[in-house]
Amino acid sequence: MNYLSGKIPGELFNNTPYLSHLNLGNNSLWGQIPLSIGNLPVLQLLVLQQNQLSGTVPPSIFNKSSLQILSLWRNNNLTGTIPDNESFSLPMLQFLSLSGNNFMGRIPVGLSACQFIQVVSLSENAFTDVVPTWLDKLSNLWYLALGGNNLVGSIPVQLTNITRLQKLDLSNCKLKGQIPPEFGKMKPLFYLHLSDNELTGPIPASIGNLSYLSFLVLDTNMLSGPIPATLENLGSLVLLSFGWNRFEGGLDFLGTLSNCRELSYLGIASNSHSGSIPDNIGNLSKNLVTFHASDNNIIGGLPATISNLTGLQFIDLAGNKLNKPIPESVVTMENLQVLLLTSNSMPGPIPTQIGRLRSLQQLLLDNNNFSGTIPDGLGNLSMLQRISMSHNQLSSTIPQSLFSLDNLIELDMSNNHLVGTLKVDVGSMNAINKIDLSTNQLLGNLPDSFGQLQMLTYLNLSSNSFQDSIPNSFDKLASMETLDLFYNNLSGNIPVYLANFTYLTNLNLSFNNLRGRIPGGGIFSNISLQSLLGNHALCGAPRLSPCTIISHSTNGQILKSVLPAALAAFGALAVCLYNTRRKTKNPGATIGSSDVTDAISHKLISYHEIVHATNNFSDDNFLGMGCFGKVFKGQLNNGLVVAIKVLNVRLEEATKSFDAECQVLSRVRHRNLIRIVNVCSSLDFKALLVQYMPNGNLDTHLHSKEKPPLRFLTRLDIMLEVSMAVEYLHYQHHEILA
């Protein structure tokens, strides 16, 4: 426990035949273990733990008649195999710790002859073996840690014969089968860690016989069935965690845990528990610090009695089916630091007195049905680091006090009905990294004060009604990685300074009123048209109009020479069109409805409305699947029925397809080509809303047995109409595809 570094000098031990104790642990030594250490004849203690030693261990170290303590743990780079023959002889060994290295091969059978051994710690290596049955010969063993290796097979029943065993760690292996019911015989056991295996079956009821058990971790297996009521007998239990399994049934067992007066951690996440949280949860230990129950099927709400657990610091009930409001009693939990209620169906207001939770650091209430106002008291929570209330029905202004939280790292209020302007002073938000206020009804100018947020990497203000230009003060946001201002009423030029943002990789300025030349360099070197779409006065980028400057002195001359020719050409074209119309046969009913707008409506649809229109993308609304996404039928708030093509934004080709379809289908003027009705575009969600064809698709009419077969002339007419649309795209509309 000093600051020694460098290699261990091998010659140091050439003339030390009587050295019995060598402890160089907890330093910064590196290199290999010298062979000379293995030649010390009376060595009893060798401690080289927590250094940076590497290579193989001299085999002679495992053949020492006097060695009692061998500790090499947490060097990380020691490797090789342990001798597994007559060269392994440590008859006096009491303590062996090789954990946290890269040893390979089998667990040495020679350990079975170490009759005095009390501690065997081989965890976090690369041993490949089964759990040895000969371990039951080690009658003095009280500590056995084999976790974090490539152990296969089942847990041998023979382990229960080690009558003095107090700590057993078999976690993070590949063990299968059931937990032996005989474990109930291991009365001294106080630590049982079996997580991250492939164990199946129930928790044996006999576990309740382990009255000294204080640490029981069974996470990440395939265990199933109900939780045994016998756990109420574990009066010494401090930590109980069995998340990420397949347990099911109600939560009545929580009441039985009231006998566990030392319980501080309770983890039941990611199972199939159902029913509501019983009121008697308030009878659990006052020492309870963590309650982790996310991703189950829990209904109801948080019982008001949970406030009895005055020591509780962490509550995670995200991803359940909670459908009752947050009880007001929660605000009395003065030690609460984390409250996670994401992805439930909780209604009602956020408690008005939530500002009393002065220890709160994380408040995640997103994806619920909360409504009403955002409490002003949130600004009193000076410890707050993360707030997320997105995807709710909140309809107030954003309290000014939120922007004075100097520890706040993330603020997400997106997808609500928030109103008002952002005339805020953010001078004290020194730590803020992410702000998302998108898809609300905010208006006014973008706040100049946001330019002070030099730690900001993510800013999303899309789908609001902000106006005027992008502030010059934003030029100080040099750490920005994502800037989304999509679908506002912003005007003016695109600031040149955005091209100088080194870390900026995602920029969306589409559907505003921006104008002028698009800057060059930086993010603009490979920006997609999709990021600039809907700003009709922009110029200078590929597939946009070139920027032209016309001299005022020549305007008159140009008009004098061009205007007569243009008028003559227009007249000739009118005559041709008139004659053509007279000669052309009426092709019959046209595809599509006449009420579709001539271009993409500037009032874009929100993600929330698409979710509502498709009944949360239900199977009943599913129409089909293409190369780049799925298509759903949806009815918008105005009653219009549309087909909604939701693209997989993880595919680069899908983004290109979205870009191309927006460009082409928003401008086509042909009876046989469907038109885009609307779009929804953000950095993580993209959808095209097109005309809905109520008569199904061509494949159904050609091959369905429920419909009469199409006559030859009808089929020929379809082919001709399709070819006319293709001809239009290739020759009359080719400039859009160029």
# chains A, B, ... in the order shown; residues from 1 in each chain; ligands from 1
call {"tool": "residues_around", "arguments": {"residues": "Phe403 in chain A", "least_positions_apart": "4", "cutoff": "12 Å", "atoms": "only C-alpha atoms", "output": "number ranges by chain"}}
result
A: 376, 378-382, 384, 387, 398-399, 407-411, 422-432, 435, 447, 449-450, 452-453
call {"tool": "select_by_dssp", "arguments": {"residues": "range 116-339 of chain A", "states": "strand (DSSP E or B)", "output": "VMD selection string"}}
result
chain A and resid 119 to 121 126 to 130 143 to 145 150 to 152 154 167 to 169 176 to 177 191 to 193 198 to 201 215 to 217 222 to 225 239 to 241 246 to 249 265 to 267 272 to 276 290 to 292 297 to 299 314 to 316 338 to 339
call {"tool": "residues_around", "arguments": {"residues": "range 461-467 of chain A", "least_positions_apart": "5", "cutoff": "9 Å", "atoms": "only C-alpha atoms", "output": "number ranges by chain"}}
result
A: 414, 421, 435-446, 483-491, 508-509, 512, 604-606, 682
call {"tool": "residues_around", "arguments": {"residues": "range 310-327 of chain A", "least_positions_apart": "3", "cutoff": "8 Å", "atoms": "only C-alpha atoms", "output": "number ranges by chain"}}
result
A: 286-304, 307, 330, 333-351
call {"tool": "closest_residue", "arguments": {"among": "A:Leu189, A:Leu266, A:Leu46, A:Cys173", "to": "Leu159 in chain A", "atoms": "only C-alpha atoms"}}
result
A:Leu189
call {"tool": "closest_atom_pairs", "arguments": {"of": "range 129-197 of chain A", "to": "range 232-246 of chain A", "cutoff": "10 Å", "atoms": "only C-alpha atoms", "output": "tab-separated table"}}
result
residue	atom	partner	partner_atom	distance
A:Phe190	CA	A:Ser236	CA	8.5
A:Tyr191	CA	A:Leu239	CA	9.6
A:His193	CA	A:Ser241	CA	9.8
A:Leu194	CA	A:Phe242	CA	9.7
A:Ser195	CA	A:Phe242	CA	8.1
A:Asp196	CA	A:Trp244	CA	9.3
call {"tool": "atom_distance", "arguments": {"atom1": "CA of Gln400 in chain A", "atom2": "CA of Tyr607 in chain A"}}
result
26.6 Å
call {"tool": "residues_around", "arguments": {"residues": "Gln44 in chain A", "least_positions_apart": "6", "cutoff": "10 Å", "atoms": "only C-alpha atoms", "output": "MDAnalysis selection string"}}
result
chainID A and resid 19:22 64:70 92:93
call {"tool": "write_last_selection", "arguments": {"atoms": "C-alpha atoms", "output": "JSON list (two decimals), in the first residue's frame"}}
result
[["chain", "number", "residue", "atom", "x", "y", "z"],
["A", 19, "LEU", "CA", 12.37, -15.30, 3.79],
["A", 20, "SER", "CA", 8.94, -16.45, 4.94],
["A", 21, "HIS", "CA", 6.73, -13.40, 4.33],
["A", 22, "LEU", "CA", 6.70, -11.30, 1.16],
["A", 64, "LYS", "CA", 5.50, -24.97, -1.62],
["A", 65, "SER", "CA", 5.24, -27.12, 1.47],
["A", 66, "SER", "CA", 5.03, -24.11, 3.84],
["A", 67, "LEU", "CA", 2.91, -21.66, 1.86],
["A", 68, "GLN", "CA", -0.25, -20.68, 3.72],
["A", 69, "ILE", "CA", -1.38, -17.48, 1.99],
["A", 70, "LEU", "CA", -1.19, -16.84, -1.78],
["A", 92, "MET", "CA", -0.54, -25.96, 4.31],
["A", 93, "LEU", "CA", -2.50, -23.52, 2.14]]
call {"tool": "residues_around", "arguments": {"residues": "Ile644 in chain A", "least_positions_apart": "4", "cutoff": "10 Å", "atoms": "only C-alpha atoms", "output": "PyMOL selection string"}}
result
chain A and resi 610+613-614+617+621-623+630-635+676-680+687-692
call {"tool": "closest_residue", "arguments": {"among": "A:Asn51, A:Asn367, A:Asn433, A:Asn101", "to": "Asn77 in chain A", "atoms": "only C-alpha atoms"}}
result
A:Asn101
call {"tool": "residues_around", "arguments": {"residues": "Gly521 in chain A", "least_positions_apart": "3", "cutoff": "10 Å", "atoms": "only C-alpha atoms", "output": "list in words"}}
result
Val496, Leu498, Ala499, Asn500, Ile518, Phe524, Ser525, Asn526 and Ile527 of chain A
call {"tool": "closest_residue", "arguments": {"among": "A:Asp129, A:Asp620, A:Glu11, A:Glu86", "to": "Asn63 in chain A", "atoms": "only C-alpha atoms"}}
result
A:Glu86
call {"tool": "closest_residue", "arguments": {"among": "A:Ile107, A:Ile155, A:Ile33, A:Leu12", "to": "Ser121 in chain A", "atoms": "only C-alpha atoms"}}
result
A:Ile107
call {"tool": "decode", "arguments": {"residues": "range 317-341 of chain A", "atoms": "N, CA and C atoms", "output": "PDB file, in the first residue's frame"}}
result
ATOM      1  N   LEU A 317     -40.208   2.371 -10.893  1.00  0.00           N
ATOM      2  CA  LEU A 317     -41.393   1.617 -11.318  1.00  0.00           C
ATOM      3  C   LEU A 317     -41.677   1.862 -12.801  1.00  0.00           C
ATOM      4  N   ALA A 318     -40.659   2.215 -13.553  1.00  0.00           N
ATOM      5  CA  ALA A 318     -40.829   2.494 -14.975  1.00  0.00           C
ATOM      6  C   ALA A 318     -41.254   1.232 -15.725  1.00  0.00           C
ATOM      7  N   GLY A 319     -41.980   1.432 -16.822  1.00  0.00           N
ATOM      8  CA  GLY A 319     -42.328   0.313 -17.685  1.00  0.00           C
ATOM      9  C   GLY A 319     -43.338  -0.645 -17.098  1.00  0.00           C
ATOM     10  N   ASN A 320     -44.278  -0.136 -16.281  1.00  0.00           N
ATOM     11  CA  ASN A 320     -45.358  -0.968 -15.767  1.00  0.00           C
ATOM     12  C   ASN A 320     -46.684  -0.488 -16.345  1.00  0.00           C
ATOM     13  N   LYS A 321     -47.770  -0.764 -15.657  1.00  0.00           N
ATOM     14  CA  LYS A 321     -49.095  -0.359 -16.124  1.00  0.00           C
ATOM     15  C   LYS A 321     -49.820   0.439 -15.037  1.00  0.00           C
ATOM     16  N   LEU A 322     -49.050   1.219 -14.310  1.00  0.00           N
ATOM     17  CA  LEU A 322     -49.637   2.033 -13.250  1.00  0.00           C
ATOM     18  C   LEU A 322     -50.638   3.015 -13.851  1.00  0.00           C
ATOM     19  N   ASN A 323     -51.798   3.136 -13.221  1.00  0.00           N
ATOM     20  CA  ASN A 323     -52.870   3.951 -13.807  1.00  0.00           C
ATOM     21  C   ASN A 323     -53.569   4.839 -12.779  1.00  0.00           C
ATOM     22  N   LYS A 324     -52.863   5.154 -11.709  1.00  0.00           N
ATOM     23  CA  LYS A 324     -53.404   6.070 -10.704  1.00  0.00           C
ATOM     24  C   LYS A 324     -52.425   7.216 -10.487  1.00  0.00           C
ATOM     25  N   PRO A 325     -52.918   8.358 -10.012  1.00  0.00           N
ATOM     26  CA  PRO A 325     -52.036   9.519  -9.828  1.00  0.00           C
ATOM     27  C   PRO A 325     -50.960   9.270  -8.779  1.00  0.00           C
ATOM     28  N   ILE A 326     -49.951  10.121  -8.788  1.00  0.00           N
ATOM     29  CA  ILE A 326     -48.922  10.088  -7.747  1.00  0.00           C
ATOM     30  C   ILE A 326     -49.548  10.586  -6.446  1.00  0.00           C
ATOM     31  N   PRO A 327     -49.443   9.818  -5.367  1.00  0.00           N
ATOM     32  CA  PRO A 327     -50.047  10.286  -4.106  1.00  0.00           C
ATOM     33  C   PRO A 327     -49.295  11.480  -3.537  1.00  0.00           C
ATOM     34  N   GLU A 328     -50.022  12.386  -2.939  1.00  0.00           N
ATOM     35  CA  GLU A 328     -49.412  13.588  -2.357  1.00  0.00           C
ATOM     36  C   GLU A 328     -48.422  13.245  -1.252  1.00  0.00           C
ATOM     37  N   SER A 329     -48.614  12.081  -0.605  1.00  0.00           N
ATOM     38  CA  SER A 329     -47.733  11.730   0.515  1.00  0.00           C
ATOM     39  C   SER A 329     -46.282  11.550   0.087  1.00  0.00           C
ATOM     40  N   VAL A 330     -46.055  11.312  -1.220  1.00  0.00           N
ATOM     41  CA  VAL A 330     -44.685  11.115  -1.706  1.00  0.00           C
ATOM     42  C   VAL A 330     -43.809  12.327  -1.397  1.00  0.00           C
ATOM     43  N   VAL A 331     -44.393  13.502  -1.363  1.00  0.00           N
ATOM     44  CA  VAL A 331     -43.588  14.721  -1.192  1.00  0.00           C
ATOM     45  C   VAL A 331     -42.979  14.825   0.204  1.00  0.00           C
ATOM     46  N   THR A 332     -43.375  13.941   1.119  1.00  0.00           N
ATOM     47  CA  THR A 332     -42.802  13.960   2.464  1.00  0.00           C
ATOM     48  C   THR A 332     -41.551  13.096   2.573  1.00  0.00           C
ATOM     49  N   MET A 333     -41.154  12.423   1.478  1.00  0.00           N
ATOM     50  CA  MET A 333     -40.016  11.502   1.524  1.00  0.00           C
ATOM     51  C   MET A 333     -38.730  12.314   1.311  1.00  0.00           C
ATOM     52  N   GLU A 334     -38.247  12.886   2.368  1.00  0.00           N
ATOM     53  CA  GLU A 334     -37.181  13.879   2.278  1.00  0.00           C
ATOM     54  C   GLU A 334     -35.843  13.306   1.849  1.00  0.00           C
ATOM     55  N   ASN A 335     -35.678  11.984   1.902  1.00  0.00           N
ATOM     56  CA  ASN A 335     -34.416  11.378   1.474  1.00  0.00           C
ATOM     57  C   ASN A 335     -34.460  10.863   0.040  1.00  0.00           C
ATOM     58  N   LEU A 336     -35.601  10.988  -0.623  1.00  0.00           N
ATOM     59  CA  LEU A 336     -35.754  10.445  -1.967  1.00  0.00           C
ATOM     60  C   LEU A 336     -34.849  11.190  -2.949  1.00  0.00           C
ATOM     61  N   GLN A 337     -34.029  10.428  -3.686  1.00  0.00           N
ATOM     62  CA  GLN A 337     -33.098  11.007  -4.648  1.00  0.00           C
ATOM     63  C   GLN A 337     -33.488  10.710  -6.098  1.00  0.00           C
ATOM     64  N   VAL A 338     -34.112   9.547  -6.339  1.00  0.00           N
ATOM     65  CA  VAL A 338     -34.456   9.140  -7.710  1.00  0.00           C
ATOM     66  C   VAL A 338     -35.889   8.633  -7.722  1.00  0.00           C
ATOM     67  N   LEU A 339     -36.715   9.208  -8.617  1.00  0.00           N
ATOM     68  CA  LEU A 339     -38.093   8.762  -8.801  1.00  0.00           C
ATOM     69  C   LEU A 339     -38.301   8.511 -10.287  1.00  0.00           C
ATOM     70  N   LEU A 340     -38.400   7.232 -10.661  1.00  0.00           N
ATOM     71  CA  LEU A 340     -38.532   6.827 -12.057  1.00  0.00           C
ATOM     72  C   LEU A 340     -39.906   6.184 -12.268  1.00  0.00           C
ATOM     73  N   LEU A 341     -40.765   6.885 -12.991  1.00  0.00           N
ATOM     74  CA  LEU A 341     -42.119   6.390 -13.271  1.00  0.00           C
ATOM     75  C   LEU A 341     -42.396   6.386 -14.775  1.00  0.00           C
TER      76      LEU A 341
END
